Structure formats: structure tokens, C-alpha cells
file upload-v4.pdb (PDB, C-alpha atoms)
ATOM      1  CA  MET A   1      -4.184  19.018  37.851
ATOM      2  CA  THR A   2      -2.207  20.594  35.017
ATOM      3  CA  ILE A   3      -1.682  20.247  31.272
ATOM      4  CA  LYS A   4       0.965  17.609  30.629
ATOM      5  CA  VAL A   5       0.542  17.155  26.861
ATOM      6  CA  ILE A   6      -0.065  19.983  24.394
ATOM      7  CA  GLY A   7      -1.415  19.136  20.952
ATOM      8  CA  ALA A   8      -0.045  21.700  18.493
ATOM      9  CA  GLY A   9      -1.399  20.159  15.302
ATOM     10  CA  PHE A  10      -4.334  21.662  13.411
ATOM     11  CA  GLY A  11      -7.706  19.916  13.399
ATOM     12  CA  ARG A  12      -8.409  17.148  10.844
ATOM     13  CA  ASN A  13      -5.066  15.538  11.618
ATOM     14  CA  GLY A  14      -6.494  12.656  13.617
ATOM     15  CA  THR A  15      -6.992  14.859  16.655
ATOM     16  CA  MET A  16     -10.152  13.162  17.900
ATOM     17  CA  SER A  17      -8.393   9.807  17.734
ATOM     18  CA  LEU A  18      -5.426  11.354  19.546
ATOM     19  CA  LYS A  19      -7.752  12.692  22.237
ATOM     20  CA  LEU A  20      -9.048   9.176  22.896
ATOM     21  CA  ALA A  21      -5.524   7.755  22.769
ATOM     22  CA  LEU A  22      -4.216  10.259  25.317
ATOM     23  CA  GLU A  23      -7.140   9.561  27.627
ATOM     24  CA  THR A  24      -6.463   5.837  27.315
ATOM     25  CA  LEU A  25      -2.848   6.488  28.301
ATOM     26  CA  GLY A  26      -3.950   8.334  31.441
ATOM     27  CA  PHE A  27      -3.883  11.963  30.273
ATOM     28  CA  ASP A  28      -7.566  12.333  31.065
ATOM     29  CA  LYS A  29      -9.425  14.491  30.296
ATOM     30  CA  CYS A  30      -8.177  15.792  26.970
ATOM     31  CA  TYR A  31      -9.465  19.152  25.728
ATOM     32  CA  HIS A  32     -10.820  19.095  22.141
ATOM     33  CA  MET A  33     -13.204  21.303  20.169
ATOM     34  CA  PHE A  34     -16.003  19.100  21.477
ATOM     35  CA  GLU A  35     -15.269  20.447  24.938
ATOM     36  CA  VAL A  36     -16.275  23.925  23.755
ATOM     37  CA  ARG A  37     -19.689  22.555  22.853
ATOM     38  CA  GLN A  38     -20.021  21.124  26.343
ATOM     39  CA  ASN A  39     -18.852  24.344  28.025
ATOM     40  CA  PRO A  40     -20.659  27.200  26.212
ATOM     41  CA  GLY A  41     -18.852  29.911  28.190
ATOM     42  CA  HIS A  42     -15.508  28.725  26.843
ATOM     43  CA  ALA A  43     -16.091  30.202  23.379
ATOM     44  CA  ALA A  44     -15.763  33.728  24.772
ATOM     45  CA  ILE A  45     -12.514  32.790  26.550
ATOM     46  CA  TRP A  46     -10.980  31.558  23.307
ATOM     47  CA  GLN A  47     -12.021  34.797  21.645
ATOM     48  CA  ASP A  48     -10.276  36.685  24.429
ATOM     49  CA  ALA A  49      -7.148  34.665  23.726
ATOM     50  CA  ALA A  50      -7.373  35.500  20.023
ATOM     51  CA  ARG A  51      -7.655  39.193  20.892
ATOM     52  CA  GLY A  52      -4.547  39.095  23.041
ATOM     53  CA  LYS A  53      -6.389  39.416  26.335
ATOM     54  CA  ALA A  54      -5.210  37.680  29.484
ATOM     55  CA  VAL A  55      -6.579  34.165  29.900
ATOM     56  CA  ASP A  56      -6.708  32.132  33.104
ATOM     57  CA  TRP A  57      -5.426  28.915  31.532
ATOM     58  CA  ASP A  58      -5.668  26.951  34.769
ATOM     59  CA  ARG A  59      -9.346  27.801  35.076
ATOM     60  CA  LEU A  60     -10.038  27.078  31.416
ATOM     61  CA  PHE A  61      -8.295  23.704  31.606
ATOM     62  CA  GLN A  62      -9.598  22.746  35.043
ATOM     63  CA  GLY A  63      -9.971  18.968  35.093
ATOM     64  CA  TYR A  64      -7.862  18.436  31.948
ATOM     65  CA  GLN A  65      -4.382  16.959  31.565
ATOM     66  CA  SER A  66      -3.969  17.318  27.801
ATOM     67  CA  SER A  67      -5.191  19.384  24.875
ATOM     68  CA  VAL A  68      -5.550  18.790  21.128
ATOM     69  CA  ASP A  69      -7.353  20.227  18.095
ATOM     70  CA  TRP A  70      -8.664  23.728  17.525
ATOM     71  CA  PRO A  71      -9.046  26.171  19.162
ATOM     72  CA  SER A  72      -6.431  24.976  21.652
ATOM     73  CA  CYS A  73      -3.694  24.253  19.101
ATOM     74  CA  THR A  74      -3.708  27.895  17.983
ATOM     75  CA  PHE A  75      -2.359  28.810  21.414
ATOM     76  CA  TRP A  76       0.309  26.143  21.838
ATOM     77  CA  LYS A  77       2.973  28.747  22.650
ATOM     78  CA  GLU A  78       0.863  30.276  25.412
ATOM     79  CA  GLN A  79       0.307  26.819  26.875
ATOM     80  CA  MET A  80       4.013  26.055  26.753
ATOM     81  CA  ALA A  81       4.695  29.257  28.657
ATOM     82  CA  ARG A  82       2.126  28.347  31.313
ATOM     83  CA  TYR A  83       3.013  24.633  31.461
ATOM     84  CA  PRO A  84       6.774  24.488  30.775
ATOM     85  CA  ASP A  85       7.053  20.811  31.743
ATOM     86  CA  ALA A  86       4.442  19.702  29.211
ATOM     87  CA  LYS A  87       5.358  17.705  26.123
ATOM     88  CA  VAL A  88       4.153  18.765  22.683
ATOM     89  CA  ILE A  89       2.628  16.603  19.955
ATOM     90  CA  LEU A  90       2.471  17.950  16.411
ATOM     91  CA  SER A  91      -0.134  15.939  14.522
ATOM     92  CA  GLU A  92       0.193  16.176  10.772
ATOM     93  CA  ARG A  93      -0.570  14.377   7.515
ATOM     94  CA  ASP A  94      -0.200  14.888   3.775
ATOM     95  CA  PRO A  95      -1.227  18.546   3.277
ATOM     96  CA  GLU A  96      -3.347  17.855   0.201
ATOM     97  CA  ARG A  97      -5.343  15.208   2.061
ATOM     98  CA  TRP A  98      -5.602  17.462   5.095
ATOM     99  CA  TYR A  99      -7.038  20.327   3.023
ATOM    100  CA  GLU A 100      -9.510  17.988   1.321
ATOM    101  CA  SER A 101     -10.656  16.704   4.707
ATOM    102  CA  VAL A 102     -11.169  20.214   6.082
ATOM    103  CA  MET A 103     -13.127  21.320   3.034
ATOM    104  CA  ASN A 104     -15.344  18.232   3.123
ATOM    105  CA  THR A 105     -16.142  18.378   6.836
ATOM    106  CA  ILE A 106     -15.636  21.130   9.372
ATOM    107  CA  TYR A 107     -15.484  24.139   7.052
ATOM    108  CA  PRO A 108     -18.830  23.590   5.276
ATOM    109  CA  PHE A 109     -20.312  22.566   8.625
ATOM    110  CA  SER A 110     -19.150  25.888  10.069
ATOM    111  CA  LEU A 111     -20.692  27.817   7.176
ATOM    112  CA  ALA A 112     -24.017  26.056   7.653
ATOM    113  CA  ALA A 113     -23.946  26.538  11.428
ATOM    114  CA  ARG A 114     -23.731  30.326  10.982
ATOM    115  CA  GLN A 115     -27.427  30.189  10.133
ATOM    116  CA  SER A 116     -28.311  28.672  13.511
ATOM    117  CA  GLU A 117     -30.602  30.630  15.810
ATOM    118  CA  ASP A 118     -29.321  28.763  18.875
ATOM    119  CA  PRO A 119     -27.279  31.330  20.861
ATOM    120  CA  ASP A 120     -24.816  28.715  22.131
ATOM    121  CA  VAL A 121     -24.178  27.412  18.608
ATOM    122  CA  LYS A 122     -23.844  30.956  17.297
ATOM    123  CA  ALA A 123     -21.329  31.854  20.007
ATOM    124  CA  GLN A 124     -19.212  28.815  19.218
ATOM    125  CA  ILE A 125     -19.302  29.388  15.458
ATOM    126  CA  ASP A 126     -18.446  33.063  15.869
ATOM    127  CA  MET A 127     -15.402  31.929  17.851
ATOM    128  CA  VAL A 128     -14.490  29.343  15.211
ATOM    129  CA  PHE A 129     -14.465  31.980  12.497
ATOM    130  CA  GLU A 130     -12.555  34.504  14.596
ATOM    131  CA  VAL A 131      -9.900  32.047  15.745
ATOM    132  CA  ILE A 132      -9.653  29.680  12.771
ATOM    133  CA  TRP A 133     -11.188  30.535   9.414
ATOM    134  CA  ASP A 134     -10.569  34.280   9.608
ATOM    135  CA  GLY A 135      -7.898  34.483  12.302
ATOM    136  CA  THR A 136      -5.630  31.711  11.046
ATOM    137  CA  PHE A 137      -6.464  31.486   7.342
ATOM    138  CA  ASP A 138      -7.424  35.116   6.657
ATOM    139  CA  GLY A 139     -10.908  34.196   5.423
ATOM    140  CA  ARG A 140      -9.355  32.586   2.333
ATOM    141  CA  MET A 141     -10.390  28.962   2.738
ATOM    142  CA  ASP A 142     -11.163  28.585  -0.970
ATOM    143  CA  ASP A 143      -7.566  29.545  -1.796
ATOM    144  CA  LYS A 144      -6.010  26.107  -1.518
ATOM    145  CA  ASP A 145      -2.411  27.228  -1.971
ATOM    146  CA  HIS A 146      -2.782  29.875   0.733
ATOM    147  CA  VAL A 147      -4.395  27.508   3.227
ATOM    148  CA  ILE A 148      -1.817  24.777   2.692
ATOM    149  CA  GLY A 149       0.918  27.389   2.982
ATOM    150  CA  VAL A 150      -0.434  28.457   6.380
ATOM    151  CA  TYR A 151      -0.641  24.809   7.433
ATOM    152  CA  LEU A 152       2.966  24.077   6.459
ATOM    153  CA  ALA A 153       4.253  27.295   8.041
ATOM    154  CA  HIS A 154       2.516  26.459  11.308
ATOM    155  CA  ASN A 155       4.015  22.974  11.389
ATOM    156  CA  GLN A 156       7.483  24.318  10.622
ATOM    157  CA  ARG A 157       7.153  26.945  13.367
ATOM    158  CA  VAL A 158       6.329  24.255  15.920
ATOM    159  CA  ARG A 159       9.305  22.161  14.800
ATOM    160  CA  ALA A 160      11.610  25.152  15.015
ATOM    161  CA  GLU A 161      10.484  26.500  18.373
ATOM    162  CA  VAL A 162       9.755  23.432  20.512
ATOM    163  CA  PRO A 163      12.864  21.793  22.007
ATOM    164  CA  ALA A 164      13.479  18.490  20.243
ATOM    165  CA  GLU A 165      13.290  16.454  23.452
ATOM    166  CA  LYS A 166       9.808  17.810  24.145
ATOM    167  CA  LEU A 167       8.378  17.340  20.636
ATOM    168  CA  LEU A 168       6.776  14.397  18.876
ATOM    169  CA  VAL A 169       5.837  14.825  15.209
ATOM    170  CA  PHE A 170       3.084  12.281  14.836
ATOM    171  CA  GLU A 171       0.808  10.779  12.200
ATOM    172  CA  SER A 172      -2.128   8.736  13.405
ATOM    173  CA  THR A 173      -1.206   5.921  11.010
ATOM    174  CA  GLN A 174       1.862   5.318  13.201
ATOM    175  CA  GLY A 175      -0.369   4.114  16.022
ATOM    176  CA  TRP A 176       0.688   3.460  19.576
ATOM    177  CA  PRO A 177       4.486   2.788  19.485
ATOM    178  CA  PRO A 178       5.917   6.316  18.943
ATOM    179  CA  LEU A 179       3.249   7.903  21.129
ATOM    180  CA  CYS A 180       3.799   5.526  24.016
ATOM    181  CA  GLN A 181       7.575   5.774  23.783
ATOM    182  CA  PHE A 182       7.389   9.585  23.808
ATOM    183  CA  LEU A 183       5.052   9.669  26.804
ATOM    184  CA  ASN A 184       6.698   6.784  28.705
ATOM    185  CA  ARG A 185       3.563   4.678  28.739
ATOM    186  CA  PRO A 186       3.123   0.956  27.972
ATOM    187  CA  VAL A 187       1.416   0.104  24.700
ATOM    188  CA  PRO A 188      -2.263  -0.669  25.410
ATOM    189  CA  ASP A 189      -3.676  -4.068  24.529
ATOM    190  CA  GLU A 190      -6.175  -2.541  22.106
ATOM    191  CA  PRO A 191      -6.050  -0.981  18.643
ATOM    192  CA  TYR A 192      -5.132   2.671  18.294
ATOM    193  CA  PRO A 193      -8.381   4.678  18.012
ATOM    194  CA  ARG A 194      -9.612   5.569  14.544
ATOM    195  CA  VAL A 195     -12.623   7.859  14.829
ATOM    196  CA  ASN A 196     -14.100  10.985  13.244
ATOM    197  CA  THR A 197     -12.900  10.149   9.738
ATOM    198  CA  THR A 198     -14.508  12.103   6.901
ATOM    199  CA  ASP A 199     -17.064   9.319   6.462
ATOM    200  CA  ASP A 200     -17.770   9.309  10.214
ATOM    201  CA  PHE A 201     -18.155  13.097  10.247
ATOM    202  CA  LEU A 202     -20.523  13.178   7.283
ATOM    203  CA  ALA A 203     -22.595  10.314   8.654
ATOM    204  CA  GLY A 204     -22.903  12.109  11.986
ATOM    205  CA  ALA A 205     -23.870  15.383  10.320
ATOM    206  CA  GLN A 206     -26.504  13.631   8.250
ATOM    207  CA  SER A 207     -28.028  11.929  11.291
ATOM    208  CA  GLN A 208     -28.296  15.301  13.060
ATOM    209  CA  GLN A 209     -30.287  16.685  10.128
ATOM    210  CA  GLN A 210     -32.811  13.848  10.178
TER     211      GLN A 210
END
call {"tool": "encode", "arguments": {"input": "upload-v4.pdb", "output": "C-alpha cells"}}
result
Amino acid sequence: MTIKVIGAGFGRNGTMSLKLALETLGFDKCYHMFEVRQNPGHAAIWQDAARGKAVDWDRLFQGYQSSVDWPSCTFWKEQMARYPDAKVILSERDPERWYESVMNTIYPFSLAARQSEDPDVKAQIDMVFEVIWDGTFDGRMDDKDHVIGVYLAHNQRVRAEVPAEKLLVFESTQGWPPLCQFLNRPVPDEPYPRVNTTDDFLAGAQSQQQ
């Protein structure tokens, strides 16, 4: 089994919905941040990747046919080099709405999780800060203009460097048609997934605290 679809878009761009959509289309399983939670040893591997160390991508992605979300999207170029036949999906949305979503969900959750005494949680959050909040955004998440600038530069880099025939720029509001056409799959007889919205995230976080 090998990676056939690489998600290059940052988290909070409908990546959980895209994960479910790709799995529905047969690219199962799809690697998402949730997979790090289920595989505690993976956090250290992603840190190795961030530090420029060699990573056994085949071992990391064993059992997976696609990848989306952080931390995977940070290393889209490395995945393209390892899986040259894979197609690339750049998930994006209005940058102002994206920033608002990040700052209302995963960023404050990450800050709170740093206080956890659970070693597995601590390992994952340390990785999240090294790869994402500090590694990608320079520890300047409260600087909206800087963060949005990084977001836009990343998206432009993907557009510029991925061959056009291998790239789909995708917004989740577009639903099945462009995704299915790009991946040569029939449109499923079910609605496109819509999960892990800001309301869903906050409701889930609240239930975990009760």
C-alpha cells in the first residue's frame, strides 16, 4: 500500500471532512492529526521530520493511502518525492475565516493541552508546537497579518511547485464533483461530509471537560 493522495492544505480547511470523503472514495485509510493521537510513537517521527532527519515514510504511512491536515501537510514536498505518482489536494478557504477558525479551536486547545500531565498528550503537543505553531508560524499566532501571510505563501508555493495535472485546489463547499473528477471516482450517493466545524470542535472539547 502506498500514498496515492497528498493533502497539502493547512488544518482548519475542512480537512477532517476531506479525510472522510477520501476514505469514502476508496483512499482508505487517510492520515490526519487524529492518527497521531492513536499512534503515540508517531509524534517523535514528525519531530524528526521537522528537524531534517531521515524518515521512513513507508513505515509511518503503513496502512494508509492518503494524507491530510497537520502535521502531514507540512511535509507535502517530501511525500511527493517519495510518492511521485500521488495526486495533491490543496484545501483552502477565505484566509480571514481560516484564521478565526484556528484561533477559536485548535490553537487555544493546544495551549491548554500543554498543561497536561499525560505523557502521550505532552509528546503530541510538543510536536504540534515544534512543527506548527513555532515551526510554521514562528510562535506569532497572535500576529494575524503574519499568520495569514504564512498561510497565503504556503498555498502559493503549492500552486507554483505542483504540476497542474496533479493538483486540485479545493474548497469543501464545492462538495463531491471536483474531487471525484480529479480522482476519477464516481460521485457517491450521499452528501459530502461536513464534520469538525468550529461548533463541533467546541462542543467536543466541552464534553471532554465534563
call {"tool": "closest_residue", "arguments": {"input": "upload-v4.pdb", "among": "A:Leu90, A:Ile125, A:Val169, A:Ala153", "to": "Phe137 (chain A)", "atoms": "all atoms listed in the file"}}
result
A:Ala153
call {"tool": "resolve_selection", "arguments": {"input": "upload-v4.pdb", "expression": "the PyMOL selection byres ((chain A and resi 163-166) around 7)", "output": "short mmCIF file (atom, residue, chain, number, x, y, z; two decimals) with C-alpha atoms, in the coordinates of the input"}}
result
data_model
loop_
_atom_site.label_atom_id
_atom_site.label_comp_id
_atom_site.auth_asym_id
_atom_site.auth_seq_id
_atom_site.Cartn_x
_atom_site.Cartn_y
_atom_site.Cartn_z
CA LYS A 87 5.36 17.70 26.12
CA VAL A 88 4.15 18.76 22.68
CA GLU A 161 10.48 26.50 18.37
CA VAL A 162 9.76 23.43 20.51
CA LEU A 167 8.38 17.34 20.64
CA LEU A 168 6.78 14.40 18.88
#
call {"tool": "resolve_selection", "arguments": {"input": "upload-v4.pdb", "expression": "the PyMOL selection byres ((chain A and resi 129-131) around 9)", "output": "ChimeraX atom specification"}}
result
/A:46-47,49-50,70-71,74,110,124-128,132-136,139
call {"tool": "residues_around", "arguments": {"input": "upload-v4.pdb", "residues": "Ala113 (chain A)", "least_positions_apart": "5", "cutoff": "9 Å", "atoms": "all atoms listed in the file", "output": "PyMOL selection string"}}
result
chain A and resi 108+121-122+125
call {"tool": "axis_aligned_box", "arguments": {"input": "upload-v4.pdb", "around": "region 118-122 of chain A", "padding_each_side": "6 Å", "output": "lines of an AutoDock Vina configuration file"}}
result
center_x = -26.6
center_y = 29.4
center_z = 19.7
size_x = 17.5
size_y = 15.9
size_z = 16.8
call {"tool": "decode", "arguments": {"input": "upload-v4.pdb", "residues": "region 88-120 of chain A", "atoms": "N, CA and C atoms", "output": "PDB file, in the first residue's frame"}}
result
ATOM      1  N   VAL A  88      -2.179  15.653  -5.577  1.00  0.00           N
ATOM      2  CA  VAL A  88      -2.101  16.591  -4.466  1.00  0.00           C
ATOM      3  C   VAL A  88      -3.376  17.427  -4.405  1.00  0.00           C
ATOM      4  N   ILE A  89      -3.927  17.539  -3.195  1.00  0.00           N
ATOM      5  CA  ILE A  89      -5.108  18.373  -2.973  1.00  0.00           C
ATOM      6  C   ILE A  89      -4.724  19.517  -2.036  1.00  0.00           C
ATOM      7  N   LEU A  90      -4.924  20.736  -2.500  1.00  0.00           N
ATOM      8  CA  LEU A  90      -4.692  21.915  -1.677  1.00  0.00           C
ATOM      9  C   LEU A  90      -6.040  22.424  -1.180  1.00  0.00           C
ATOM     10  N   SER A  91      -6.338  22.144   0.073  1.00  0.00           N
ATOM     11  CA  SER A  91      -7.579  22.632   0.679  1.00  0.00           C
ATOM     12  C   SER A  91      -7.355  24.062   1.145  1.00  0.00           C
ATOM     13  N   GLU A  92      -8.284  24.930   0.840  1.00  0.00           N
ATOM     14  CA  GLU A  92      -8.168  26.309   1.281  1.00  0.00           C
ATOM     15  C   GLU A  92      -9.556  26.919   1.482  1.00  0.00           C
ATOM     16  N   ARG A  93      -9.561  28.119   2.054  1.00  0.00           N
ATOM     17  CA  ARG A  93     -10.798  28.864   2.272  1.00  0.00           C
ATOM     18  C   ARG A  93     -10.418  30.332   2.433  1.00  0.00           C
ATOM     19  N   ASP A  94     -11.394  31.188   2.643  1.00  0.00           N
ATOM     20  CA  ASP A  94     -11.115  32.591   2.901  1.00  0.00           C
ATOM     21  C   ASP A  94     -10.124  32.708   4.060  1.00  0.00           C
ATOM     22  N   PRO A  95      -8.989  33.397   3.885  1.00  0.00           N
ATOM     23  CA  PRO A  95      -7.966  33.416   4.922  1.00  0.00           C
ATOM     24  C   PRO A  95      -8.410  34.027   6.238  1.00  0.00           C
ATOM     25  N   GLU A  96      -9.281  35.019   6.185  1.00  0.00           N
ATOM     26  CA  GLU A  96      -9.778  35.620   7.431  1.00  0.00           C
ATOM     27  C   GLU A  96     -10.591  34.610   8.223  1.00  0.00           C
ATOM     28  N   ARG A  97     -11.444  33.868   7.534  1.00  0.00           N
ATOM     29  CA  ARG A  97     -12.263  32.850   8.202  1.00  0.00           C
ATOM     30  C   ARG A  97     -11.392  31.691   8.691  1.00  0.00           C
ATOM     31  N   TRP A  98     -10.377  31.360   7.905  1.00  0.00           N
ATOM     32  CA  TRP A  98      -9.462  30.303   8.341  1.00  0.00           C
ATOM     33  C   TRP A  98      -8.767  30.695   9.635  1.00  0.00           C
ATOM     34  N   TYR A  99      -8.219  31.916   9.692  1.00  0.00           N
ATOM     35  CA  TYR A  99      -7.519  32.366  10.897  1.00  0.00           C
ATOM     36  C   TYR A  99      -8.461  32.365  12.103  1.00  0.00           C
ATOM     37  N   GLU A 100      -9.667  32.862  11.908  1.00  0.00           N
ATOM     38  CA  GLU A 100     -10.646  32.886  13.001  1.00  0.00           C
ATOM     39  C   GLU A 100     -10.928  31.472  13.510  1.00  0.00           C
ATOM     40  N   SER A 101     -11.042  30.534  12.590  1.00  0.00           N
ATOM     41  CA  SER A 101     -11.305  29.146  12.981  1.00  0.00           C
ATOM     42  C   SER A 101     -10.149  28.576  13.792  1.00  0.00           C
ATOM     43  N   VAL A 102      -8.926  28.809  13.326  1.00  0.00           N
ATOM     44  CA  VAL A 102      -7.751  28.317  14.055  1.00  0.00           C
ATOM     45  C   VAL A 102      -7.714  28.884  15.469  1.00  0.00           C
ATOM     46  N   MET A 103      -7.949  30.182  15.580  1.00  0.00           N
ATOM     47  CA  MET A 103      -7.816  30.852  16.869  1.00  0.00           C
ATOM     48  C   MET A 103      -8.970  30.552  17.819  1.00  0.00           C
ATOM     49  N   ASN A 104     -10.046  30.003  17.291  1.00  0.00           N
ATOM     50  CA  ASN A 104     -11.181  29.618  18.136  1.00  0.00           C
ATOM     51  C   ASN A 104     -11.177  28.136  18.496  1.00  0.00           C
ATOM     52  N   THR A 105     -10.271  27.366  17.880  1.00  0.00           N
ATOM     53  CA  THR A 105     -10.334  25.913  18.084  1.00  0.00           C
ATOM     54  C   THR A 105      -8.969  25.328  18.447  1.00  0.00           C
ATOM     55  N   ILE A 106      -8.195  24.957  17.462  1.00  0.00           N
ATOM     56  CA  ILE A 106      -7.019  24.136  17.744  1.00  0.00           C
ATOM     57  C   ILE A 106      -5.899  24.883  18.447  1.00  0.00           C
ATOM     58  N   TYR A 107      -5.765  26.194  18.220  1.00  0.00           N
ATOM     59  CA  TYR A 107      -4.674  26.896  18.902  1.00  0.00           C
ATOM     60  C   TYR A 107      -4.918  27.018  20.404  1.00  0.00           C
ATOM     61  N   PRO A 108      -6.079  27.528  20.853  1.00  0.00           N
ATOM     62  CA  PRO A 108      -6.296  27.557  22.304  1.00  0.00           C
ATOM     63  C   PRO A 108      -6.324  26.165  22.927  1.00  0.00           C
ATOM     64  N   PHE A 109      -6.799  25.183  22.176  1.00  0.00           N
ATOM     65  CA  PHE A 109      -6.784  23.804  22.675  1.00  0.00           C
ATOM     66  C   PHE A 109      -5.343  23.346  22.894  1.00  0.00           C
ATOM     67  N   SER A 110      -4.460  23.710  21.973  1.00  0.00           N
ATOM     68  CA  SER A 110      -3.051  23.339  22.113  1.00  0.00           C
ATOM     69  C   SER A 110      -2.427  24.007  23.333  1.00  0.00           C
ATOM     70  N   LEU A 111      -2.743  25.275  23.544  1.00  0.00           N
ATOM     71  CA  LEU A 111      -2.212  25.986  24.713  1.00  0.00           C
ATOM     72  C   LEU A 111      -2.660  25.317  26.007  1.00  0.00           C
ATOM     73  N   ALA A 112      -3.928  24.956  26.063  1.00  0.00           N
ATOM     74  CA  ALA A 112      -4.452  24.311  27.275  1.00  0.00           C
ATOM     75  C   ALA A 112      -3.829  22.938  27.476  1.00  0.00           C
ATOM     76  N   ALA A 113      -3.623  22.212  26.375  1.00  0.00           N
ATOM     77  CA  ALA A 113      -3.093  20.846  26.479  1.00  0.00           C
ATOM     78  C   ALA A 113      -1.647  20.824  26.957  1.00  0.00           C
ATOM     79  N   ARG A 114      -0.941  21.937  26.872  1.00  0.00           N
ATOM     80  CA  ARG A 114       0.446  21.988  27.353  1.00  0.00           C
ATOM     81  C   ARG A 114       0.519  21.775  28.866  1.00  0.00           C
ATOM     82  N   GLN A 115      -0.609  21.937  29.535  1.00  0.00           N
ATOM     83  CA  GLN A 115      -0.638  21.749  30.982  1.00  0.00           C
ATOM     84  C   GLN A 115      -0.902  20.292  31.363  1.00  0.00           C
ATOM     85  N   SER A 116      -1.143  19.441  30.375  1.00  0.00           N
ATOM     86  CA  SER A 116      -1.467  18.047  30.657  1.00  0.00           C
ATOM     87  C   SER A 116      -0.270  17.323  31.276  1.00  0.00           C
ATOM     88  N   GLU A 117      -0.570  16.422  32.195  1.00  0.00           N
ATOM     89  CA  GLU A 117       0.466  15.585  32.794  1.00  0.00           C
ATOM     90  C   GLU A 117       0.539  14.213  32.127  1.00  0.00           C
ATOM     91  N   ASP A 118      -0.343  13.964  31.165  1.00  0.00           N
ATOM     92  CA  ASP A 118      -0.327  12.715  30.416  1.00  0.00           C
ATOM     93  C   ASP A 118       0.865  12.739  29.458  1.00  0.00           C
ATOM     94  N   PRO A 119       1.791  11.797  29.560  1.00  0.00           N
ATOM     95  CA  PRO A 119       2.996  11.847  28.711  1.00  0.00           C
ATOM     96  C   PRO A 119       2.691  11.736  27.228  1.00  0.00           C
ATOM     97  N   ASP A 120       1.657  10.985  26.853  1.00  0.00           N
ATOM     98  CA  ASP A 120       1.312  10.869  25.436  1.00  0.00           C
ATOM     99  C   ASP A 120       0.770  12.199  24.902  1.00  0.00           C
TER     100      ASP A 120
END
